[in-house]
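Printed here is upload.txt (compact mmCIF, C-alpha atoms and all ligand atoms):
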```txt
# COMPACT_ATOMS: atom_id res chain seq x y z
CA MET F 1 0.00 0.00 0.00
CA ASP F 2 1.51 3.36 -0.93
CA GLU F 3 1.33 6.26 1.49
CA ALA F 4 -1.72 7.97 0.04
CA GLY F 5 -3.60 4.71 -0.49
CA ALA F 6 -6.76 4.03 1.45
CA VAL F 7 -7.11 0.82 3.40
CA PRO F 8 -8.76 -1.57 0.91
CA ILE F 9 -12.48 -1.49 1.60
CA GLY F 10 -12.80 -5.26 1.88
CA GLN F 11 -10.12 -5.35 4.56
CA ALA F 12 -11.58 -2.45 6.54
CA LEU F 13 -15.07 -3.88 6.50
CA ARG F 14 -13.88 -7.40 7.29
CA GLY F 15 -12.46 -6.01 10.51
CA GLU F 16 -15.69 -4.28 11.38
CA LEU F 17 -17.79 -7.32 10.54
CA GLY F 18 -15.54 -9.35 12.81
CA ARG F 19 -16.31 -6.98 15.69
CA ILE F 20 -20.06 -7.12 14.98
CA ASP F 21 -19.87 -10.91 14.91
CA GLY F 22 -17.84 -10.95 18.12
CA ALA F 23 -20.64 -9.07 19.85
CA GLY F 24 -23.16 -11.69 18.67
CA LEU F 25 -24.83 -9.13 16.41
CA LEU F 26 -23.92 -10.30 12.92
CA ARG F 27 -26.95 -10.78 10.69
CA ARG F 28 -27.11 -12.93 7.61
CA LEU F 29 -29.47 -12.57 4.70
CA ARG F 30 -31.78 -15.50 4.21
CA THR F 31 -33.26 -16.37 0.86
CA LEU F 32 -36.58 -18.14 0.74
CA ASP F 33 -37.60 -20.22 -2.22
CA GLY F 34 -41.08 -19.72 -3.57
CA ALA F 35 -43.64 -17.31 -2.19
CA GLN F 36 -44.14 -15.60 1.14
CA GLY F 37 -46.70 -17.44 3.24
CA ALA F 38 -47.49 -19.37 6.41
CA ARG F 39 -45.25 -22.14 5.10
CA VAL F 40 -42.03 -21.26 3.34
CA GLU F 41 -39.10 -23.13 1.88
CA LEU F 42 -35.56 -22.41 3.05
CA ASP F 43 -32.60 -24.37 1.68
CA GLY F 44 -34.93 -27.09 0.48
CA ARG F 45 -36.68 -27.44 3.84
CA ALA F 46 -40.33 -26.63 4.48
CA LEU F 47 -40.75 -24.38 7.51
CA ALA F 48 -43.73 -22.98 9.36
CA ASN F 49 -43.23 -19.24 9.05
CA PHE F 50 -43.92 -17.21 12.18
CA SER F 51 -41.76 -14.27 11.17
CA SER F 52 -43.78 -12.38 8.58
CA ASN F 53 -45.87 -9.20 8.83
CA ASP F 54 -48.13 -10.54 6.06
CA TYR F 55 -50.86 -10.75 8.71
CA LEU F 56 -53.77 -11.47 6.41
CA GLY F 57 -51.93 -13.67 3.93
CA LEU F 58 -52.45 -11.14 1.15
CA ALA F 59 -48.84 -11.18 -0.10
CA ALA F 60 -49.58 -14.27 -2.18
CA HIS F 61 -53.31 -13.61 -2.72
CA PRO F 62 -54.35 -14.30 -6.35
CA ALA F 63 -56.36 -11.06 -6.51
CA LEU F 64 -53.25 -8.96 -5.87
CA ARG F 65 -51.36 -10.82 -8.55
CA GLU F 66 -54.29 -10.35 -10.91
CA ALA F 67 -54.47 -6.61 -10.24
CA ALA F 68 -50.75 -6.28 -10.85
CA MET F 69 -50.92 -8.30 -14.08
CA GLU F 70 -53.85 -6.26 -15.38
CA GLU F 71 -51.98 -3.05 -14.72
CA TRP F 72 -48.89 -4.48 -16.30
CA GLY F 73 -50.94 -5.33 -19.39
CA ARG F 74 -52.22 -1.77 -19.58
CA GLY F 75 -48.92 -0.02 -19.12
CA GLY F 76 -45.60 -1.41 -18.20
CA PHE F 77 -43.52 -2.04 -15.17
CA GLY F 78 -41.25 0.81 -14.12
CA ALA F 79 -42.58 4.34 -13.60
CA GLY F 80 -39.47 5.80 -15.18
CA ALA F 81 -39.04 8.89 -13.00
CA SER F 82 -40.15 10.74 -9.91
CA ARG F 83 -43.84 11.66 -9.87
CA LEU F 84 -42.79 15.31 -10.21
CA VAL F 85 -40.77 14.63 -13.35
CA CYS F 86 -42.95 12.33 -15.42
CA GLY F 87 -43.46 9.19 -13.37
CA GLY F 88 -46.94 9.91 -12.02
CA LEU F 89 -49.45 7.44 -13.41
CA ARG F 90 -53.17 6.90 -13.00
CA ALA F 91 -52.51 3.87 -10.77
CA HIS F 92 -50.71 6.09 -8.22
CA VAL F 93 -53.55 8.58 -8.00
CA GLU F 94 -56.18 5.85 -7.84
CA LEU F 95 -54.30 4.24 -4.98
CA GLU F 96 -54.15 7.55 -3.10
CA GLU F 97 -57.86 8.13 -3.60
CA ALA F 98 -58.53 4.63 -2.26
CA VAL F 99 -56.30 5.26 0.78
CA ALA F 100 -58.00 8.59 1.56
CA ASP F 101 -61.43 7.01 1.25
CA PHE F 102 -60.35 4.09 3.45
CA LYS F 103 -58.84 6.35 6.12
CA GLY F 104 -61.58 8.96 5.93
CA THR F 105 -59.15 11.78 5.19
CA ALA F 106 -59.30 14.46 2.51
CA ALA F 107 -56.16 13.19 0.81
CA ALA F 108 -53.22 10.82 0.89
CA LEU F 109 -49.76 10.66 -0.65
CA CYS F 110 -47.97 7.39 -1.31
CA PHE F 111 -44.26 6.74 -0.93
CA GLY F 112 -41.98 3.97 -2.11
CA SER F 113 -41.69 2.53 1.41
CA GLY F 114 -42.62 3.21 5.01
CA TYR F 115 -39.04 4.15 5.71
CA ALA F 116 -39.15 6.77 2.97
CA ALA F 117 -42.54 8.07 4.13
CA ALA F 118 -41.40 8.57 7.71
CA VAL F 119 -38.03 10.10 6.96
CA GLY F 120 -39.41 12.41 4.27
CA THR F 121 -42.45 13.52 6.22
CA VAL F 122 -40.88 14.28 9.59
CA ALA F 123 -37.95 16.11 7.99
CA ALA F 124 -40.26 18.13 5.74
CA LEU F 125 -42.58 19.20 8.54
CA CYS F 126 -40.00 20.05 11.19
CA GLY F 127 -36.82 22.08 11.26
CA LYS F 128 -34.30 23.48 13.70
CA ASP F 129 -36.80 25.74 15.46
CA ASP F 130 -39.14 22.87 16.16
CA VAL F 131 -39.41 19.96 18.58
CA VAL F 132 -40.09 16.30 17.82
CA VAL F 133 -41.31 14.27 20.79
CA LEU F 134 -40.96 10.51 20.27
CA ASP F 135 -41.85 7.37 22.13
CA LYS F 136 -38.67 5.52 23.10
CA LEU F 137 -39.72 2.45 21.10
CA SER F 138 -40.40 4.33 17.88
CA HIS F 139 -39.28 2.58 14.70
CA ALA F 140 -35.85 3.53 13.33
CA CYS F 141 -37.37 5.37 10.35
CA LEU F 142 -39.20 7.77 12.67
CA VAL F 143 -36.06 8.37 14.71
CA ASP F 144 -34.02 8.92 11.56
CA GLY F 145 -36.60 11.39 10.22
CA ALA F 146 -36.52 13.31 13.48
CA ARG F 147 -32.72 13.43 13.47
CA LEU F 148 -32.57 14.49 9.86
CA SER F 149 -35.06 17.30 10.49
CA GLY F 150 -32.61 19.12 12.77
CA ALA F 151 -35.39 19.69 15.31
CA ALA F 152 -34.77 19.30 19.03
CA LEU F 153 -35.57 15.70 20.00
CA ARG F 154 -37.31 14.69 23.19
CA VAL F 155 -37.79 10.98 23.87
CA PHE F 156 -40.24 9.71 26.48
CA PRO F 157 -40.19 6.23 28.04
CA HIS F 158 -42.52 3.85 26.24
CA ASN F 159 -46.16 4.92 26.63
CA ASP F 160 -45.27 7.20 29.57
CA LEU F 161 -47.95 9.90 29.45
CA SER F 162 -46.61 12.06 32.27
CA LYS F 163 -43.16 12.20 30.69
CA LEU F 164 -44.78 12.99 27.34
CA GLU F 165 -46.60 15.86 29.01
CA SER F 166 -43.46 17.24 30.61
CA HIS F 167 -41.70 17.18 27.21
CA LEU F 168 -44.66 19.01 25.68
CA LYS F 169 -44.46 21.67 28.38
CA TRP F 170 -40.72 21.97 27.83
CA ALA F 171 -41.27 22.36 24.08
CA ARG F 172 -43.86 25.08 24.50
CA ARG F 173 -41.63 26.93 26.95
CA GLU F 174 -38.37 26.63 24.99
CA ARG F 175 -39.78 26.94 21.46
CA PRO F 176 -42.88 29.10 21.91
CA SER F 177 -43.18 29.83 18.22
CA GLY F 178 -41.93 26.50 16.90
CA ARG F 179 -43.88 23.45 15.81
CA VAL F 180 -44.18 20.52 18.15
CA LEU F 181 -44.72 17.07 16.63
CA VAL F 182 -45.60 14.04 18.73
CA VAL F 183 -44.59 10.76 17.04
CA ALA F 184 -46.01 7.39 18.04
CA GLU F 185 -46.95 4.02 16.65
CA SER F 186 -50.32 2.43 17.13
CA VAL F 187 -48.86 -1.08 17.53
CA TYR F 188 -45.19 -1.27 18.50
CA SER F 189 -43.38 -3.47 16.06
CA MET F 190 -41.12 -5.43 18.42
CA ASP F 191 -43.32 -5.44 21.54
CA GLY F 192 -46.76 -5.79 20.00
CA ASP F 193 -48.48 -3.51 22.49
CA THR F 194 -50.50 -0.40 21.60
CA ALA F 195 -50.27 3.30 22.38
CA PRO F 196 -52.75 4.95 24.79
CA LEU F 197 -54.01 6.98 21.86
CA ARG F 198 -56.93 8.85 23.36
CA GLU F 199 -54.81 10.19 26.20
CA MET F 200 -51.97 11.09 23.84
CA VAL F 201 -54.32 12.98 21.56
CA GLU F 202 -55.74 14.89 24.55
CA LEU F 203 -52.22 15.84 25.61
CA LYS F 204 -50.98 16.97 22.21
CA GLU F 205 -54.10 19.10 21.81
CA ARG F 206 -53.76 20.64 25.25
CA HIS F 207 -50.18 21.65 24.46
CA GLY F 208 -50.65 22.79 20.90
CA ALA F 209 -48.80 19.98 19.16
CA TRP F 210 -49.47 17.90 16.05
CA MET F 211 -49.31 14.14 15.95
CA LEU F 212 -47.86 11.65 13.49
CA LEU F 213 -49.19 8.14 14.05
CA ASP F 214 -47.50 5.21 12.34
CA GLU F 215 -50.09 2.45 11.87
CA ALA F 216 -47.69 0.00 10.18
CA HIS F 217 -48.77 -2.98 12.32
CA ALA F 218 -52.41 -1.96 12.79
CA VAL F 219 -53.75 -1.03 9.37
CA GLY F 220 -55.67 -3.90 7.86
CA ILE F 221 -56.07 -5.77 11.12
CA ILE F 222 -57.38 -3.38 13.80
CA GLY F 223 -60.66 -1.46 13.79
CA LYS F 224 -63.68 -1.45 11.52
CA GLN F 225 -62.68 -2.62 8.02
CA GLY F 226 -59.12 -2.69 9.35
CA ARG F 227 -58.84 1.10 9.30
CA GLY F 228 -56.41 1.11 12.19
CA LEU F 229 -56.15 2.02 15.84
CA ALA F 230 -56.89 5.74 15.44
CA ASP F 231 -60.27 4.82 13.99
CA ALA F 232 -60.91 2.14 16.61
CA ALA F 233 -60.13 4.66 19.37
CA GLY F 234 -62.38 7.27 17.77
CA VAL F 235 -59.60 9.85 17.36
CA ALA F 236 -58.76 9.51 13.65
CA ASP F 237 -60.06 13.00 12.81
CA ARG F 238 -57.83 14.52 15.49
CA ILE F 239 -54.53 13.05 14.26
CA GLU F 240 -53.02 15.34 11.64
CA ILE F 241 -50.58 12.92 10.02
CA GLN F 242 -51.65 9.30 9.66
CA MET F 243 -49.07 6.95 8.27
CA GLY F 244 -49.39 3.33 7.29
CA THR F 245 -47.51 0.82 5.21
CA LEU F 246 -48.80 -1.13 2.24
CA GLY F 247 -46.29 -3.97 2.58
CA LYS F 248 -47.43 -5.63 5.81
CA ALA F 249 -51.09 -6.61 6.29
CA LEU F 250 -51.82 -5.18 2.83
CA GLY F 251 -49.40 -7.62 1.24
CA ALA F 252 -48.09 -5.19 -1.40
CA HIS F 253 -45.37 -2.55 -1.04
CA GLY F 254 -45.02 1.13 -0.23
CA ALA F 255 -46.63 3.40 2.32
CA TYR F 256 -49.02 6.30 2.67
CA ILE F 257 -49.39 9.53 4.59
CA ALA F 258 -53.08 10.44 4.96
CA GLY F 259 -54.38 13.81 6.12
CA CYS F 260 -55.62 17.12 4.77
CA SER F 261 -55.13 18.10 1.14
CA GLU F 262 -52.58 20.76 2.10
CA LEU F 263 -50.47 18.06 3.78
CA ARG F 264 -50.49 16.03 0.57
CA GLU F 265 -49.50 19.00 -1.57
CA PHE F 266 -46.84 20.15 0.88
CA LEU F 267 -45.21 16.73 1.10
CA ALA F 268 -45.26 16.36 -2.69
CA ASN F 269 -43.22 19.58 -2.75
CA ARG F 270 -41.01 19.16 0.27
CA ALA F 271 -40.60 15.53 1.31
CA ARG F 272 -37.23 14.75 -0.25
CA SER F 273 -37.77 10.99 -0.24
CA PHE F 274 -40.81 11.64 -2.46
CA VAL F 275 -39.45 14.42 -4.65
CA PHE F 276 -36.11 12.77 -5.41
CA SER F 277 -37.22 9.18 -5.80
CA THR F 278 -38.68 7.24 -8.70
CA ALA F 279 -42.38 6.50 -8.35
CA PRO F 280 -43.22 2.89 -7.46
CA PRO F 281 -44.11 0.58 -10.37
CA ALA F 282 -47.75 1.02 -11.36
CA PRO F 283 -48.53 -2.73 -10.95
CA VAL F 284 -47.43 -2.45 -7.33
CA ALA F 285 -49.78 0.49 -6.78
CA ALA F 286 -52.61 -1.45 -8.44
CA ALA F 287 -51.97 -4.46 -6.18
CA ALA F 288 -52.02 -2.24 -3.11
CA ARG F 289 -55.33 -0.73 -4.18
CA ARG F 290 -56.82 -4.20 -4.66
CA ALA F 291 -55.55 -5.11 -1.18
CA ILE F 292 -57.43 -2.15 0.30
CA GLU F 293 -60.61 -3.37 -1.39
CA ILE F 294 -60.12 -6.84 0.09
CA VAL F 295 -59.33 -5.50 3.54
CA ARG F 296 -62.54 -3.44 3.54
CA SER F 297 -64.74 -6.28 2.28
CA GLY F 298 -66.45 -9.22 3.92
CA GLU F 299 -63.39 -11.27 2.97
CA GLY F 300 -61.32 -8.82 5.03
CA ASP F 301 -63.63 -9.39 8.00
CA ALA F 302 -63.22 -13.15 7.61
CA LEU F 303 -59.43 -12.84 7.40
CA ARG F 304 -59.35 -10.65 10.52
CA ALA F 305 -61.52 -13.19 12.34
CA ALA F 306 -59.16 -16.00 11.32
CA LEU F 307 -56.17 -13.94 12.46
CA ARG F 308 -57.84 -13.25 15.80
CA LEU F 309 -58.61 -16.95 16.33
CA ASN F 310 -55.03 -17.94 15.50
CA THR F 311 -53.59 -15.23 17.74
CA GLU F 312 -55.84 -16.15 20.65
CA LEU F 313 -55.12 -19.85 20.26
CA PHE F 314 -51.37 -19.25 20.25
CA ALA F 315 -51.49 -16.89 23.24
CA GLU F 316 -53.54 -19.36 25.23
CA LEU F 317 -51.25 -22.31 24.44
CA ALA F 318 -48.11 -20.27 25.07
CA GLY F 319 -49.50 -18.91 28.33
CA VAL F 320 -49.15 -15.24 27.46
CA PRO F 321 -51.74 -12.46 27.55
CA LYS F 322 -53.82 -12.10 24.41
CA PRO F 323 -51.95 -9.62 22.19
CA GLU F 324 -53.74 -6.52 20.95
CA ALA F 325 -52.47 -7.07 17.42
CA ALA F 326 -50.64 -10.13 16.05
CA ILE F 327 -47.14 -9.79 17.52
CA VAL F 328 -46.00 -11.91 20.48
CA PRO F 329 -42.51 -11.19 21.82
CA PHE F 330 -40.64 -13.56 24.11
CA VAL F 331 -37.88 -11.52 25.69
CA ILE F 332 -34.81 -13.65 26.38
CA GLY F 333 -32.19 -11.04 27.19
CA GLY F 334 -28.79 -12.08 25.89
CA GLU F 335 -28.14 -11.84 22.17
CA ALA F 336 -26.43 -15.26 22.04
CA GLN F 337 -29.22 -16.96 23.98
CA ALA F 338 -31.85 -15.48 21.68
CA MET F 339 -29.88 -16.63 18.62
CA ASP F 340 -29.57 -20.08 20.13
CA ALA F 341 -33.30 -20.27 20.80
CA ALA F 342 -34.08 -19.20 17.22
CA ALA F 343 -31.65 -21.81 15.88
CA ARG F 344 -33.35 -24.52 17.91
CA LEU F 345 -36.74 -23.46 16.60
CA LEU F 346 -35.35 -23.58 13.07
CA ASP F 347 -34.12 -27.14 13.72
CA GLY F 348 -37.65 -27.95 14.78
CA GLY F 349 -39.07 -26.55 11.54
CA PHE F 350 -40.12 -23.05 12.65
CA LEU F 351 -38.96 -19.75 11.25
CA VAL F 352 -39.07 -17.36 14.21
CA PRO F 353 -36.61 -14.48 14.19
CA ALA F 354 -34.31 -13.54 17.04
CA ILE F 355 -34.49 -9.75 17.30
CA ARG F 356 -31.36 -8.08 18.58
CA TYR F 357 -29.71 -4.71 18.99
CA PRO F 358 -30.05 -2.26 17.28
CA THR F 359 -33.65 -3.25 16.54
CA VAL F 360 -34.27 -3.56 20.30
CA ALA F 361 -32.22 -2.34 23.26
CA ARG F 362 -29.05 -4.23 24.20
CA GLY F 363 -29.78 -7.07 26.59
CA SER F 364 -33.43 -7.32 25.56
CA ALA F 365 -32.99 -9.69 22.64
CA ARG F 366 -36.10 -11.68 21.97
CA LEU F 367 -37.97 -14.14 19.83
CA ARG F 368 -40.69 -12.34 17.89
CA VAL F 369 -43.61 -14.51 16.87
CA THR F 370 -46.10 -13.07 14.41
CA LEU F 371 -49.39 -14.77 13.68
CA THR F 372 -51.25 -14.61 10.40
CA ALA F 373 -54.70 -15.54 9.15
CA SER F 374 -53.20 -18.33 7.07
CA HIS F 375 -51.43 -20.26 9.80
CA ARG F 376 -52.61 -23.83 10.27
CA GLU F 377 -53.80 -24.87 13.68
CA GLY F 378 -51.34 -27.78 13.76
CA ASP F 379 -48.38 -25.46 13.19
CA ILE F 380 -49.55 -23.09 15.93
CA ARG F 381 -49.92 -25.97 18.37
CA ALA F 382 -46.55 -27.45 17.46
CA LEU F 383 -44.79 -24.09 17.93
CA ALA F 384 -46.41 -23.56 21.32
CA ASP F 385 -45.33 -27.10 22.29
CA LEU F 386 -41.73 -26.51 21.32
CA LEU F 387 -41.32 -23.04 22.82
CA PRO F 388 -40.83 -24.02 26.49
CA ALA F 389 -37.93 -26.28 25.56
CA VAL F 390 -36.05 -23.51 23.76
CA ARG F 391 -36.78 -20.80 26.29
CA GLY F 392 -34.03 -21.80 28.67
CA ALA F 393 -33.89 -21.30 32.42
CA GLY F 394 -35.47 -18.18 33.79
CA PHE F 395 -37.27 -17.43 30.59
CA GLY F 396 -40.59 -15.66 30.76
CA ALA F 397 -40.01 -14.24 34.23
C1 LIG F 401 -41.99 -1.81 8.80
C2 LIG F 401 -42.16 -0.51 9.47
C3 LIG F 401 -41.89 0.68 8.79
C4 LIG F 401 -41.21 0.69 7.45
O1 LIG F 401 -42.06 0.35 6.43
P1 LIG F 401 -41.42 -0.26 5.08
O2 LIG F 401 -42.50 -0.12 4.09
O3 LIG F 401 -41.06 -1.66 5.41
O4 LIG F 401 -40.22 0.58 4.76
C5 LIG F 401 -42.21 1.85 9.40
N1 LIG F 401 -42.73 1.89 10.65
C6 LIG F 401 -42.95 0.76 11.34
C7 LIG F 401 -43.50 0.85 12.72
C8 LIG F 401 -42.67 -0.48 10.79
O5 LIG F 401 -42.85 -1.59 11.48
```
Represent the supplied structure as structure tokens.
Amino acid sequence: MDEAGAVPIGQALRGELGRIDGAGLLRRLRTLDGAQGARVELDGRALANFSSNDYLGLAAHPALREAAMEEWGRGGFGAGASRLVCGGLRAHVELEEAVADFKGTAAALCFGSGYAAAVGTVAALCGKDDVVVLDKLSHACLVDGARLSGAALRVFPHNDLSKLESHLKWARRERPSGRVLVVAESVYSMDGDTAPLREMVELKERHGAWMLLDEAHAVGIIGKQGRGLADAAGVADRIEIQMGTLGKALGAHGAYIAGCSELREFLANRARSFVFSTAPPAPVAAAARRAIEIVRSGEGDALRAALRLNTELFAELAGVPKPEAAIVPFVIGGEAQAMDAAARLLDGGFLVPAIRYPTVARGSARLRVTLTASHREGDIRALADLLPAVRGAGFGA
């Protein structure tokens, strides 16, 4: 290596990967064969899949495929450019109209992913004179958006209303003319519990703040027609910025921000992850729109009922409280122990992920079981039977 030469990238990163591995935090990409579903194939082995957010089994639903194929037949695949350049197609607008109608808002804007929606929206709405107040367990994309915005960040312990209120008072005192944005999720992705929404909405109103609610793990499965937790709690019309993803219960891809028409127009101008990003393929938008139709229909009700039955059966057999959504965490603690437990489940034919830092706090590694409407009763029973053996001593305390 000559004096001005950089360390070869492979060598530098090998060293870093070694340190990540040494801490028990190295992740490896898995490749499934075939389609996403309640049973999947990995390295030629059939596994019962308890790791997916495809809660209603729509990811492989024939109607979504049909909608995508129809759209493909009409147009093509790629959108070719950002919506603001020339990539905006009828399928995008039709999807946004369907989302707004579903959510009962004046308008909606769709993004290429939930990550892009969160980062773009928070950073567009807030700046250095403003305050973003976040729940400690907020998804990384919300945290990243808040950081990128340059606003002052205030984090409150998970679902702690009195700490939320003291941050709101601080914000009003320190930034009297700034915006204050409260950020929360309706169902927390790695814990599966819900936010005390009604109380949070009261607080943000009392202290002159707006609220962004991320319904990633609620839309499709909670509330009437699966409209989400804000609707179920009767506060949807009081939450200014309602976010949801189209790639979990809706089985497609992308995300939406629903709210007033000014919000839609503002984000289309100022959310950088929208402005500077190619529009999603039209067939994907068409599939997402078909998913919304299914979710709102009698079939959606039947799928939610099946999901609820599966979730309740699993919770009862596993001896845990009935989850509010479809996520059941089993906190193990150590990263290595959680990895070991997941490996033993895999040996037994179950795909259940071990969730580690940085997705959850250090020392709170866990198994995360997600239930779907398409799980078979036998698989649910077999998983519940096997779990105690892989838990290890002291588990579940
Ligand atoms: C999955 C998830 C996202 C990101 O959505 P993608 O469409 O997967 O990028 C955002 N927020 C929460 C709470 C999530 O669980």
Contacts of segment 40-52 of chain F within 8 Å, all atoms listed in the file, excl. fewer than 5 positions in-chain, as a PyMOL selection string: chain F and resi 30-35+346+349-353+368-372+379
Shell of 12 Å around Ala302 of chain F, all atoms listed in the file, local chain residues under 2 positions omitted, as number ranges by chain: F: 56-57, 220-221, 225-226, 294-300, 304-309, 373-374
Residue with smallest distance to Thr359 of chain F - pool F:His139, F:Arg90, F:His375, F:Arg198, counting only C-alpha atoms: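 Counting only C-alpha atoms, the residue closest to Thr359 of chain F is F:His139.
For the pair atom CA of Leu181 of chain F and atom CA of Lys248 of chain F, the interatomic distance is 25.3 Å.
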Pick from F:Gly234, F:Gly78, F:Pro280, F:Pro358, whichever lies nearest to Gly104 of chain F using only C-alpha atoms: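 That would be F:Gly234, the residue with the smallest distance to Gly104 of chain F.
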Distance in Å - atom CA of Arg14 of chain F versus atom CA of Ala336 of chain F: 20.9 Å
Coordinates-based distance that separates atom CA of Asn53 of chain F from atom CA of Ile332 of chain F (Å, one decimal):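 Calculated distance between atom CA of Ile332 of chain F and atom CA of Asn53 of chain F is 21.2 Å.
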Neighbourhood of ligand LIG 401 (chain F) at 7 Å, counting only C-alpha atoms and all ligand atoms, reported as a PyMOL selection string: chain F and resi 113-116+118+138-139+141+185+188-189+214-217+245-247+253-255
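Remark: for Arg179 of chain F, the closest of the candidate residues F:Leu213, F:Leu148, F:Val219, F:Val122 is F:Val122 (distances computed over only C-alpha atoms).
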Closest of F:Gly112, F:Glu66, F:Gln36, F:Leu317 to Thr278 of chain F - atom-to-atom distances counting only C-alpha atoms: F:Gly112
If I put a ball of radius 7 Å at (-35.2, 9.6, -7.9) in the file's coordinates, which residues poke into it when counting only C-alpha atoms, written as a short mmCIF file (atom, residue, chain, number, x, y, z; two decimals) with C-alpha atoms, in the frame of the given file?
```
data_model
loop_
_atom_site.label_atom_id
_atom_site.label_comp_id
_atom_site.auth_asym_id
_atom_site.auth_seq_id
_atom_site.Cartn_x
_atom_site.Cartn_y
_atom_site.Cartn_z
CA ALA F 81 -39.04 8.89 -13.00
CA SER F 82 -40.15 10.74 -9.91
CA PHE F 276 -36.11 12.77 -5.41
CA SER F 277 -37.22 9.18 -5.80
CA THR F 278 -38.68 7.24 -8.70
#
```
Nearest-residue call for Arg356 of chain F, choices F:Val155, F:Val132, F:Ala23, F:Leu58, using all atoms listed in the file: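 Ranked by minimum distance to Arg356 of chain F, first place goes to F:Ala23.
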For Ala233 of chain F: contacts at 12 Å, only C-alpha atoms, fewer than 2 positions along chain excluded, given as a VMD selection string: chain F and resid 186 194 to 201 222 to 224 227 to 231 235 to 239
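Every protein or nucleic acid residue with an atom no more than 9 Å from Gly178 of chain F, counting all atoms listed in the file and leaving out same-chain residues fewer than 3 positions away, appears here: Cys126, Gly127, Lys128, Asp129, Asp130, Val131, Ala171, Arg172, Glu174 and Arg175 of chain F.
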Coordinates of box centre and edge lengths for segment 375-380 of chain F, 8 Å on every side, axis-aligned, as JSON:
```
{"center_x": -51.1, "center_y": -24.0, "center_z": 12.9, "size_x": 21.4, "size_y": 23.5, "size_z": 22.1}
```
Got a sec: who's within 8 Å of Leu109 of chain F, counting all atoms listed in the file, leaving out chain neighbours fewer than 6 positions off, as a compact mmCIF listing (two decimals) with C-alpha atoms, in the frame of the given file?
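Now in part-v7.txt:
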```txt
# COMPACT_ATOMS: atom_id res chain seq x y z
CA GLU F 96 -54.15 7.55 -3.10
CA TYR F 256 -49.02 6.30 2.67
CA ILE F 257 -49.39 9.53 4.59
CA ALA F 258 -53.08 10.44 4.96
CA ARG F 264 -50.49 16.03 0.57
CA LEU F 267 -45.21 16.73 1.10
CA ALA F 268 -45.26 16.36 -2.69
```
Nearest to Pro329 of chain F, chosen from F:Leu387, F:Ala343, F:Ala285, F:Leu134, with all atoms listed in the file counted in the distances: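 Looking only at the distances to Pro329 of chain F, the closest residue turns out to be F:Leu387.
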